[in-house]
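Raw contents of work03.csv, CSV, C-alpha atoms:
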chain,number,residue,atom,x,y,z
A,1,MET,CA,-142.8,88.2,204.7
A,2,SER,CA,-144.3,84.8,204.2
A,3,ARG,CA,-144.3,83.3,200.7
A,4,PRO,CA,-144.3,79.7,199.5
A,5,LYS,CA,-140.9,78.3,198.6
A,6,VAL,CA,-140.0,76.5,195.4
A,7,GLN,CA,-140.0,72.7,196.0
A,8,PRO,CA,-137.0,70.4,195.1
A,9,PRO,CA,-137.3,68.7,191.7
A,10,PHE,CA,-139.7,65.8,191.6
A,11,ALA,CA,-137.8,62.5,191.9
A,12,PRO,CA,-140.2,59.6,192.3
A,13,LYS,CA,-138.8,56.4,193.8
A,14,HIS,CA,-141.9,54.2,193.7
A,15,LEU,CA,-145.1,54.0,191.7
A,16,ALA,CA,-147.0,55.3,194.7
A,17,ASP,CA,-145.0,58.6,194.5
A,18,PHE,CA,-146.7,59.5,191.3
A,19,PRO,CA,-149.8,61.7,191.7
A,20,THR,CA,-153.1,60.1,190.8
A,21,GLY,CA,-154.8,63.4,189.8
A,22,THR,CA,-154.1,67.0,189.2
A,23,CYS,CA,-154.3,68.0,192.8
A,24,ASP,CA,-151.5,68.7,195.3
A,25,VAL,CA,-150.8,70.6,198.5
A,26,ALA,CA,-151.7,74.3,198.3
A,27,ALA,CA,-149.0,76.7,197.1
A,28,HIS,CA,-146.9,73.9,195.5
A,29,LEU,CA,-144.3,75.8,193.4
A,30,VAL,CA,-141.8,74.0,191.1
A,31,GLU,CA,-140.2,76.9,189.3
A,32,THR,CA,-139.4,80.6,189.6
A,33,LEU,CA,-140.6,83.2,187.0
A,34,ALA,CA,-137.6,85.4,186.9
A,35,SER,CA,-136.9,84.5,183.3
A,36,TRP,CA,-140.1,86.4,182.2
A,37,ARG,CA,-138.5,89.7,183.0
A,38,THR,CA,-137.3,92.2,180.4
A,39,ALA,CA,-136.9,95.1,182.8
A,40,THR,CA,-136.0,95.0,186.4
A,41,PRO,CA,-137.1,97.4,189.2
A,42,ARG,CA,-134.4,98.8,191.5
A,43,VAL,CA,-135.3,100.3,194.9
A,44,ASP,CA,-133.5,103.4,196.1
A,45,VAL,CA,-133.7,102.9,199.9
A,46,ASN,CA,-132.8,106.6,200.4
A,47,GLN,CA,-135.9,107.8,198.5
A,48,CYS,CA,-138.3,105.2,199.9
A,49,THR,CA,-140.6,106.5,202.5
A,50,GLY,CA,-142.2,103.2,203.4
A,51,CYS,CA,-145.7,104.2,202.2
A,52,LEU,CA,-146.1,100.6,200.9
A,53,ARG,CA,-148.1,101.7,197.8
A,54,CYS,CA,-145.9,99.3,195.7
A,55,TYR,CA,-146.5,96.5,198.2
A,56,LEU,CA,-150.3,97.0,197.8
A,57,VAL,CA,-150.4,97.2,194.0
A,58,CYS,CA,-147.9,94.5,193.0
A,59,PRO,CA,-149.9,91.8,191.1
A,60,GLU,CA,-147.3,89.2,192.0
A,61,GLY,CA,-146.9,89.9,195.7
A,62,THR,CA,-143.2,90.2,195.3
A,63,VAL,CA,-142.7,93.4,197.2
A,64,SER,CA,-141.8,92.9,200.9
A,65,LYS,CA,-142.0,95.2,203.9
A,66,ILE,CA,-138.6,95.1,205.5
A,67,GLU,CA,-137.2,96.9,208.6
A,68,ASN,CA,-137.2,100.7,208.9
A,69,ASN,CA,-140.2,101.0,206.7
A,70,ARG,CA,-138.4,100.1,203.6
A,71,VAL,CA,-139.3,97.6,200.8
A,72,SER,CA,-137.4,94.9,198.9
A,73,ILE,CA,-138.3,92.9,195.8
A,74,ASP,CA,-138.3,89.2,195.3
A,75,TYR,CA,-136.4,88.9,192.0
A,76,ASP,CA,-137.2,85.2,191.8
A,77,PHE,CA,-140.9,86.0,191.0
A,78,CYS,CA,-140.9,89.6,189.8
A,79,LYS,CA,-142.1,89.7,186.2
A,80,GLY,CA,-140.9,93.3,185.6
A,81,CYS,CA,-144.3,94.8,184.8
A,82,GLY,CA,-143.2,98.1,186.2
A,83,ILE,CA,-146.3,98.9,188.2
A,84,CYS,CA,-144.3,99.5,191.4
A,85,SER,CA,-142.1,102.0,189.6
A,86,HIS,CA,-145.0,103.8,187.9
A,87,GLU,CA,-147.1,104.0,191.1
A,88,CYS,CA,-144.2,105.2,193.3
A,89,LYS,CA,-144.8,108.9,194.2
A,90,PHE,CA,-141.3,109.4,195.4
A,91,ASP,CA,-139.3,108.1,192.4
A,92,ALA,CA,-137.8,105.5,194.7
A,93,ILE,CA,-138.1,102.6,192.1
A,94,THR,CA,-136.5,102.8,188.7
A,95,MET,CA,-136.8,100.2,185.9
A,96,ILE,CA,-133.5,99.0,184.5
A,97,ASP,CA,-133.5,97.4,181.0
A,98,GLY,CA,-132.8,93.6,181.1
A,99,GLY,CA,-133.8,90.8,183.4
A,100,THR,CA,-131.0,90.7,185.9
A,101,ALA,CA,-131.4,92.3,189.3
B,102,MET,CA,-167.3,83.8,210.1
B,103,SER,CA,-165.6,86.2,212.4
B,104,PRO,CA,-165.8,89.9,211.6
B,105,ILE,CA,-162.7,91.3,209.9
B,106,LYS,CA,-161.5,94.7,210.6
B,107,PRO,CA,-160.5,96.3,207.3
B,108,PRO,CA,-156.7,96.0,207.1
B,109,ASN,CA,-154.5,98.6,205.4
B,110,ALA,CA,-151.1,98.2,203.8
B,111,LYS,CA,-149.4,98.2,207.2
B,112,THR,CA,-151.8,95.7,208.9
B,113,LEU,CA,-152.5,93.4,205.9
B,114,SER,CA,-151.5,89.8,206.4
B,115,GLU,CA,-147.9,89.4,205.2
B,116,ARG,CA,-148.7,85.9,203.9
B,117,GLU,CA,-149.2,85.6,200.1
B,118,PHE,CA,-152.0,83.2,199.1
B,119,PHE,CA,-151.7,83.7,195.3
B,120,PHE,CA,-148.1,83.5,194.5
B,121,GLY,CA,-146.0,82.2,191.6
B,122,HIS,CA,-148.9,82.3,189.2
B,123,LYS,CA,-148.4,82.6,185.5
B,124,GLY,CA,-150.5,85.6,184.8
B,125,CYS,CA,-149.2,88.2,182.3
B,126,ALA,CA,-147.1,91.0,183.7
B,127,GLY,CA,-149.3,93.8,185.0
B,128,CYS,CA,-152.4,91.6,185.4
B,129,GLY,CA,-155.1,93.5,187.3
B,130,GLY,CA,-157.2,90.4,187.9
B,131,SER,CA,-154.5,88.6,189.8
B,132,LEU,CA,-153.9,91.7,191.9
B,133,ALA,CA,-157.6,91.7,192.9
B,134,LEU,CA,-157.4,88.0,193.8
B,135,ARG,CA,-154.2,88.4,195.7
B,136,LEU,CA,-155.6,91.3,197.8
B,137,ALA,CA,-158.9,89.6,198.5
B,138,LEU,CA,-157.2,86.4,199.7
B,139,LYS,CA,-154.8,88.4,201.9
B,140,VAL,CA,-157.9,89.9,203.6
B,141,LEU,CA,-159.8,86.6,203.9
B,142,GLY,CA,-156.9,84.5,205.1
B,143,GLU,CA,-155.9,80.8,205.0
B,144,ARG,CA,-159.3,79.4,206.2
B,145,THR,CA,-160.8,80.2,202.8
B,146,PHE,CA,-162.4,77.8,200.3
B,147,THR,CA,-161.7,79.3,196.8
B,148,VAL,CA,-163.7,78.4,193.7
B,149,VAL,CA,-162.4,79.5,190.3
B,150,PRO,CA,-164.2,78.7,187.0
B,151,ALA,CA,-162.6,78.4,183.6
B,152,GLY,CA,-161.0,81.8,183.0
B,153,CYS,CA,-157.7,83.5,183.4
B,154,MET,CA,-157.3,82.9,187.1
B,155,SER,CA,-157.7,79.2,186.9
B,156,ALA,CA,-155.5,79.1,183.8
B,157,VAL,CA,-152.6,81.0,185.5
B,158,GLY,CA,-153.1,79.6,189.0
B,159,PHE,CA,-153.2,75.9,188.4
B,160,VAL,CA,-150.5,75.2,185.8
B,161,TYR,CA,-149.9,71.7,187.3
B,162,PRO,CA,-147.5,71.0,189.0
B,163,GLN,CA,-147.1,74.8,189.7
B,164,LEU,CA,-150.1,75.5,192.1
B,165,ALA,CA,-150.3,79.2,193.0
B,166,PHE,CA,-153.1,79.1,195.4
B,167,GLY,CA,-152.1,79.0,199.1
B,168,THR,CA,-155.7,78.4,200.1
B,169,ASN,CA,-158.0,75.4,199.5
B,170,ALA,CA,-158.9,76.0,195.8
B,171,ILE,CA,-160.8,74.2,193.1
B,172,ILE,CA,-161.7,74.8,189.5
B,173,SER,CA,-165.5,74.7,188.8
B,174,THR,CA,-167.4,74.4,185.6
B,175,PHE,CA,-167.6,77.6,183.6
B,176,PRO,CA,-171.3,78.3,184.5
B,177,GLY,CA,-171.1,76.8,187.9
B,178,THR,CA,-169.0,79.2,190.1
B,179,ALA,CA,-171.9,80.2,192.4
B,180,SER,CA,-173.5,76.7,192.6
B,181,MET,CA,-170.2,75.1,193.5
B,182,LEU,CA,-169.6,77.9,196.1
B,183,ALA,CA,-173.0,77.1,197.5
B,184,GLY,CA,-172.2,73.4,197.7
B,185,VAL,CA,-168.8,74.0,199.2
B,186,ALA,CA,-170.3,76.2,201.9
B,187,ALA,CA,-173.0,73.7,202.6
B,188,GLY,CA,-170.4,70.9,202.8
B,189,ALA,CA,-168.2,72.8,205.2
B,190,ARG,CA,-171.2,73.5,207.5
B,191,ALA,CA,-172.2,69.9,207.4
B,192,LEU,CA,-168.7,69.0,208.6
B,193,GLY,CA,-169.2,71.4,211.5
B,194,LEU,CA,-166.4,73.7,210.3
B,195,LYS,CA,-166.5,77.2,211.8
B,196,ASP,CA,-164.7,80.4,211.0
B,197,PHE,CA,-164.2,79.9,207.3
B,198,HIS,CA,-164.9,81.9,204.2
B,199,THR,CA,-166.1,80.7,200.8
B,200,VAL,CA,-165.1,82.9,197.9
B,201,GLY,CA,-165.4,82.6,194.1
B,202,PHE,CA,-163.4,84.5,191.5
B,203,ALA,CA,-165.0,84.6,188.1
B,204,GLY,CA,-164.2,86.8,185.2
B,205,ASP,CA,-166.6,89.1,183.4
B,206,GLY,CA,-167.6,86.4,180.9
B,207,GLY,CA,-168.0,83.8,183.6
B,208,THR,CA,-170.2,86.2,185.5
B,209,ALA,CA,-172.3,88.3,183.2
B,210,ASP,CA,-172.8,85.7,180.5
B,211,ILE,CA,-172.0,82.1,181.4
B,212,GLY,CA,-172.3,82.0,185.1
B,213,LEU,CA,-175.3,84.4,185.5
B,214,GLN,CA,-177.9,81.7,186.1
B,215,ALA,CA,-176.1,80.0,188.9
B,216,LEU,CA,-175.3,83.3,190.5
B,217,SER,CA,-178.9,84.3,190.3
B,218,GLY,CA,-179.9,81.1,192.1
B,219,ALA,CA,-177.4,81.5,194.9
B,220,ILE,CA,-178.6,85.1,195.5
B,221,ASP,CA,-182.2,83.9,195.5
B,222,ARG,CA,-181.3,81.3,198.2
B,223,HIS,CA,-179.3,83.8,200.2
B,224,ASP,CA,-176.4,81.3,200.2
B,225,ARG,CA,-173.6,82.5,202.5
B,226,ILE,CA,-170.9,83.0,199.9
B,227,LEU,CA,-168.8,85.8,198.5
B,228,TYR,CA,-168.7,86.1,194.7
B,229,ILE,CA,-166.0,88.3,193.3
B,230,CYS,CA,-166.2,89.2,189.6
B,231,TYR,CA,-162.9,90.5,188.2
B,232,ASP,CA,-163.9,92.6,185.2
B,233,ASN,CA,-161.3,92.9,182.4
B,234,GLU,CA,-164.0,93.6,179.9
B,235,ALA,CA,-163.6,90.6,177.5
B,236,TYR,CA,-162.8,86.8,177.4
B,237,MET,CA,-159.1,87.4,177.8
B,238,ASN,CA,-158.0,83.8,178.6
B,239,THR,CA,-159.2,82.5,175.2
B,240,GLY,CA,-157.8,85.4,173.2
B,241,VAL,CA,-159.9,88.6,173.8
B,242,GLN,CA,-163.5,87.8,172.6
B,243,LYS,CA,-166.3,90.2,173.4
B,244,SER,CA,-168.2,89.5,176.6
B,245,GLY,CA,-171.4,91.0,178.0
B,246,LEU,CA,-169.1,93.4,180.0
B,247,THR,CA,-167.1,94.7,177.0
B,248,PRO,CA,-167.7,98.5,176.7
B,249,PHE,CA,-168.9,100.3,173.6
B,250,GLY,CA,-166.2,100.9,171.0
B,251,ALA,CA,-163.7,98.3,172.3
B,252,ARG,CA,-162.0,96.3,169.7
B,253,THR,CA,-161.9,92.6,170.4
B,254,THR,CA,-161.3,89.6,168.1
B,255,THR,CA,-165.0,89.1,167.7
B,256,THR,CA,-165.8,92.9,167.5
B,257,PRO,CA,-163.0,94.0,165.1
B,258,ALA,CA,-162.7,97.7,164.2
B,259,GLY,CA,-163.6,98.2,160.6
B,260,GLN,CA,-164.6,101.1,158.4
B,261,HIS,CA,-168.3,101.0,159.2
B,262,ILE,CA,-168.5,99.2,162.6
B,263,ARG,CA,-165.9,100.4,165.0
B,264,GLY,CA,-165.5,97.8,167.8
B,265,SER,CA,-168.2,96.7,170.2
B,266,ILE,CA,-171.6,98.2,169.4
B,267,THR,CA,-173.1,97.3,172.8
B,268,GLN,CA,-172.7,98.8,176.2
B,269,LYS,CA,-171.5,97.0,179.3
B,270,LYS,CA,-174.3,95.0,181.0
B,271,ASN,CA,-175.2,96.5,184.3
B,272,MET,CA,-174.1,93.6,186.5
B,273,PHE,CA,-174.1,95.6,189.7
B,274,GLU,CA,-177.8,96.6,189.3
B,275,ILE,CA,-178.7,93.1,188.0
B,276,VAL,CA,-177.5,91.5,191.3
B,277,ALA,CA,-178.9,94.3,193.4
B,278,ALA,CA,-182.3,93.8,191.7
B,279,HIS,CA,-182.4,90.3,193.3
B,280,GLY,CA,-182.4,92.0,196.7
B,281,ILE,CA,-178.9,90.6,197.4
B,282,ASP,CA,-177.6,91.0,201.0
B,283,TYR,CA,-174.5,93.0,199.9
B,284,ALA,CA,-173.2,94.1,196.6
B,285,ALA,CA,-170.4,96.5,195.7
B,286,THR,CA,-168.3,97.8,192.8
B,287,ALA,CA,-164.6,98.4,193.2
B,288,SER,CA,-161.5,99.0,191.2
B,289,VAL,CA,-157.9,97.8,191.6
B,290,GLY,CA,-157.0,101.5,191.1
B,291,TYR,CA,-158.5,102.1,194.6
B,292,PRO,CA,-157.0,99.1,196.4
B,293,GLN,CA,-157.9,100.3,199.9
B,294,ASP,CA,-161.6,100.7,198.9
B,295,PHE,CA,-161.5,97.2,197.5
B,296,ILE,CA,-159.9,95.8,200.7
B,297,ASN,CA,-162.5,97.5,202.8
B,298,LYS,CA,-165.3,96.0,200.7
B,299,VAL,CA,-163.9,92.5,200.8
B,300,ALA,CA,-163.6,92.8,204.6
B,301,LYS,CA,-167.2,94.0,204.9
B,302,ALA,CA,-168.5,91.3,202.4
B,303,ALA,CA,-166.8,88.6,204.4
B,304,THR,CA,-169.0,89.3,207.4
B,305,VAL,CA,-172.3,89.4,205.5
B,306,GLU,CA,-174.8,86.7,206.6
B,307,GLY,CA,-175.9,85.9,203.1
B,308,THR,CA,-174.8,86.4,199.5
B,309,ALA,CA,-172.2,89.1,198.8
B,310,TYR,CA,-171.1,90.2,195.4
B,311,ILE,CA,-168.1,92.4,194.5
B,312,HIS,CA,-167.5,93.6,191.0
B,313,VAL,CA,-163.9,94.7,190.7
B,314,PHE,CA,-162.6,96.6,187.7
B,315,ALA,CA,-159.3,94.9,186.7
B,316,PRO,CA,-157.3,96.1,183.6
B,317,CYS,CA,-155.6,93.5,181.3
B,318,PRO,CA,-152.6,95.0,179.5
B,319,THR,CA,-152.5,92.0,177.1
B,320,GLY,CA,-156.1,92.4,175.9
B,321,TRP,CA,-156.3,96.1,176.2
B,322,GLY,CA,-153.1,96.9,174.4
B,323,CYS,CA,-151.5,99.1,177.0
B,324,GLU,CA,-148.2,99.2,178.8
B,325,THR,CA,-147.9,96.7,181.6
B,326,ASP,CA,-147.1,99.4,184.2
B,327,LEU,CA,-150.4,101.3,183.4
B,328,SER,CA,-152.8,98.8,185.0
B,329,ILE,CA,-153.3,100.6,188.2
B,330,GLU,CA,-153.4,104.1,186.6
B,331,LEU,CA,-156.0,103.0,184.1
B,332,ALA,CA,-158.1,101.3,186.8
B,333,LYS,CA,-158.1,104.6,188.7
B,334,GLU,CA,-158.6,106.8,185.6
B,335,ALA,CA,-161.7,104.7,184.7
B,336,VAL,CA,-163.3,105.7,188.0
B,337,ASP,CA,-162.1,109.3,187.8
B,338,SER,CA,-163.4,109.8,184.2
B,339,GLY,CA,-166.8,108.4,185.2
B,340,LEU,CA,-166.6,105.3,183.0
B,341,TRP,CA,-166.6,103.1,186.1
B,342,TYR,CA,-168.0,104.0,189.5
B,343,LEU,CA,-167.6,102.9,193.1
B,344,ALA,CA,-170.9,102.1,194.8
B,345,GLU,CA,-172.5,99.7,197.3
B,346,PHE,CA,-175.9,98.1,197.7
B,347,GLU,CA,-177.1,97.1,201.2
B,348,ASN,CA,-180.4,97.1,203.1
B,349,GLY,CA,-182.2,97.6,199.8
B,350,GLU,CA,-180.4,100.9,199.0
B,351,HIS,CA,-177.8,101.9,196.5
B,352,ARG,CA,-175.1,104.3,197.6
B,353,LEU,CA,-172.3,106.0,195.6
B,354,ASN,CA,-169.0,105.9,197.4
B,355,ARG,CA,-167.4,108.5,195.1
B,356,ASP,CA,-169.1,111.3,193.4
B,357,PRO,CA,-166.5,113.3,191.5
B,358,ARG,CA,-167.5,116.9,191.0
B,359,GLU,CA,-165.7,116.9,187.7
B,360,PHE,CA,-164.7,114.0,185.5
B,361,THR,CA,-161.3,113.6,184.0
B,362,PRO,CA,-161.5,113.5,180.1
B,363,VAL,CA,-162.5,110.1,178.8
B,364,ARG,CA,-160.3,110.7,175.9
B,365,SER,CA,-157.1,110.5,178.0
B,366,TYR,CA,-158.3,107.2,179.5
B,367,LEU,CA,-159.3,105.7,176.1
B,368,GLU,CA,-156.3,106.8,174.1
B,369,LYS,CA,-153.9,104.9,176.3
B,370,GLN,CA,-155.4,101.6,175.1
B,371,ALA,CA,-154.9,100.1,171.6
B,372,ARG,CA,-158.4,98.6,171.8
B,373,PHE,CA,-159.8,102.1,171.4
B,374,ALA,CA,-157.2,103.4,168.9
B,375,HIS,CA,-159.7,103.5,166.1
B,376,LEU,CA,-162.3,105.7,167.8
B,377,ARG,CA,-163.3,109.0,166.2
B,378,ASP,CA,-164.4,112.3,167.7
B,379,GLU,CA,-168.1,111.3,167.4
B,380,ASP,CA,-167.4,108.0,169.3
B,381,PHE,CA,-165.7,109.9,172.2
B,382,ALA,CA,-168.7,112.2,172.3
B,383,ALA,CA,-171.1,109.2,172.3
B,384,ILE,CA,-169.2,107.6,175.1
B,385,GLU,CA,-169.4,110.9,177.1
B,386,ARG,CA,-173.2,111.2,176.5
B,387,THR,CA,-173.8,107.7,177.8
B,388,ARG,CA,-171.7,108.3,180.8
B,389,ASP,CA,-173.5,111.6,181.6
B,390,ALA,CA,-176.9,110.0,181.3
B,391,GLN,CA,-175.9,107.1,183.6
B,392,TRP,CA,-174.5,109.4,186.2
B,393,ALA,CA,-177.5,111.7,186.1
B,394,ARG,CA,-179.7,108.7,186.8
B,395,MET,CA,-177.4,107.3,189.5
B,396,ARG,CA,-177.2,110.7,191.2
B,397,ARG,CA,-181.0,111.1,191.1
B,398,GLN,CA,-181.8,107.6,192.4
B,399,TRP,CA,-179.0,106.6,194.7
B,400,ALA,CA,-177.7,108.0,198.0
B,401,ARG,CA,-174.6,110.2,197.6
B,402,PRO,CA,-171.5,109.9,199.7
B,403,THR,CA,-171.7,111.8,203.0
B,404,THR,CA,-168.9,114.1,202.0
B,405,THR,CA,-168.6,114.8,198.3
B,406,ALA,CA,-165.1,114.0,197.2
B,407,PRO,CA,-163.5,116.6,194.9
B,408,SER,CA,-160.5,115.3,192.9
B,409,ALA,CA,-158.8,113.8,195.9
B,410,ALA,CA,-160.3,110.6,197.4
B,411,THR,CA,-161.8,110.5,200.9
B,412,PRO,CA,-160.0,108.5,203.5
B,413,ALA,CA,-162.5,105.7,203.1
B,414,THR,CA,-161.8,105.3,199.4
B,415,ALA,CA,-158.3,106.5,199.2
B,416,GLY,CA,-156.0,104.3,197.1
Would you mind writing the file out in structure tokens?
Amino acid sequence: MSRPKVQPPFAPKHLADFPTGTCDVAAHLVETLASWRTATPRVDVNQCTGCLRCYLVCPEGTVSKIENNRVSIDYDFCKGCGICSHECKFDAITMIDGGTA
Amino acid sequence: MSPIKPPNAKTLSEREFFFGHKGCAGCGGSLALRLALKVLGERTFTVVPAGCMSAVGFVYPQLAFGTNAIISTFPGTASMLAGVAAGARALGLKDFHTVGFAGDGGTADIGLQALSGAIDRHDRILYICYDNEAYMNTGVQKSGLTPFGARTTTTPAGQHIRGSITQKKNMFEIVAAHGIDYAATASVGYPQDFINKVAKAATVEGTAYIHVFAPCPTGWGCETDLSIELAKEAVDSGLWYLAEFENGEHRLNRDPREFTPVRSYLEKQARFAHLRDEDFAAIERTRDAQWARMRRQWARPTTTAPSAATPATAG
């Protein structure tokens, strides 16, 4: 799975380091969004059939295909909307109250 | 532009080109954008006007687009797309895509003139309208694509007037009437159908328009996990439809033998909570009249899909 990484904190050393406009390299991320979550999806790998429905319908792109046709979730960017759990036909994803994975 | 074979969940690019955005949880519009960019790939120029996707994608210094992306003026999505495409050709670039993502207000109201001009010139661009049925970014004001009966902040539900008194503008047929090279409707509830249409539109030698139905839990007042279900139910209940226009002909991609009840779809959303029995009946009458006309005038799918989707449109 190929996703952009969060950049190290901005620490300018010279005037020229400051941006001159609101443009930057594509996919420039400075923070994660895990703190948005009030419920957290948990994948039961034994129930997962690898149909990848959750991967297709995640608005955040946080579901990954991993080996053996299973999925895993990037908890740094999952907002806990619950779509993956709701759309899973095999009850392989349950939502747990609270933001911690 | 090289032809793209429609990918599926297994063959879709593993790269994310719209990631770390600040869209609300369960946002249907950001899903449409994410899937489209995964189909089109890195060599894509992306134009986004004022609207949710620019508001959540460019929270500087958090920049969620992994492709070359720029914010246009609100009415200028299509004209900026045309300019970007012309500029890229002038630089001698090959094998690139030019795509715009505008909301329903930015398409059906504010950006309609520029879109009309681009279609008229047959500019080689792909214009995707993600339709969440109101101006969501500014706090849920009615747009030209807000359906009858929906409560918004500018069409409040009172004792005498219950929500929006107008029907959705028929954007699909408005662009088709231009003689556009390719137009399609889609829904994030049928993601594979949407992916197929983006892949097809990317190869069109001219203007392509895709109108994708994208629920907004914040503006619609529904649970965040219902986005995909509602997008699917809108199609299954006949309040939205999957169709294509090419070579001068309309074609329905799904023609349900029986619609699911509109009431079940509408009652899941707080924006329709005030509707009475006569309103549900009025919505059904409008739906039936529209479908009777579409079935009479448009080509039907080769195999009539009952309740289950055909492989071509399966979600």
Residues of chain B within 10 Å of chain A, counting only C-alpha atoms, what are they? List them as a VMD selection string. chain B and resid 109 to 111 113 to 136 158 to 171 289 to 293 318 324 to 330 416
Quick one: pull the distance between atom CA of B:Ile226 and atom CA of B:Val185, Å, one decimal.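 Rounded to one decimal, the two atoms are 9.3 Å apart.
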Measure the distance from atom CA of B:Asp282 to atom CA of B:His223 in Å and round it to one decimal.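 Going from atom CA of B:Asp282 over to atom CA of B:His223 covers 7.4 Å.
Here atom CA of B:Ala287 and atom CA of B:Cys317 stand 15.7 Å from one another.
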Distance criterion (all atoms listed in the file): nearest to B:Tyr231 out of B:Gly280, B:Asn297, B:Thr178, B:Phe314: B:Phe314
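Distance annotation: of B:Ala285, B:Ala374, B:Ala332, B:Ala390, the residue with the minimal separation from B:Phe346 is B:Ala285; atom set is only C-alpha atoms.
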Edge lengths and centre in Å, axis-aligned, stretch 1-19 of chain A plus 5 Å each side, as JSON:
{"center_x": -143.4, "center_y": 71.1, "center_z": 198.0, "size_x": 22.8, "size_y": 44.2, "size_z": 23.4}
Which residues are near B:Ala383? Cut-off 12 Å, only C-alpha atoms, ignore same chain within fewer than 2 positions. Put them as a PyMOL selection string. chain B and resi 249-250+266+268+363-364+376-381+385-390
At a cut-off of 9 Å from (-136.3, 96.2, 197.7) in the coordinates of the file, what residues are picked up using all atoms listed in the file, written as a list in words? Pro41, Arg42, Val43, Asp44, Val45, Val63, Ser64, Lys65, Ile66, Arg70, Val71, Ser72, Ile73, Asp74 and Ile93 of chain A
Can you work out which one of B:Val276, B:Leu194, B:Leu331, B:Ala393 has the shortest atom-to-atom distance to B:Glu345, counting all atoms listed in the file?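 Closest candidate: B:Val276.
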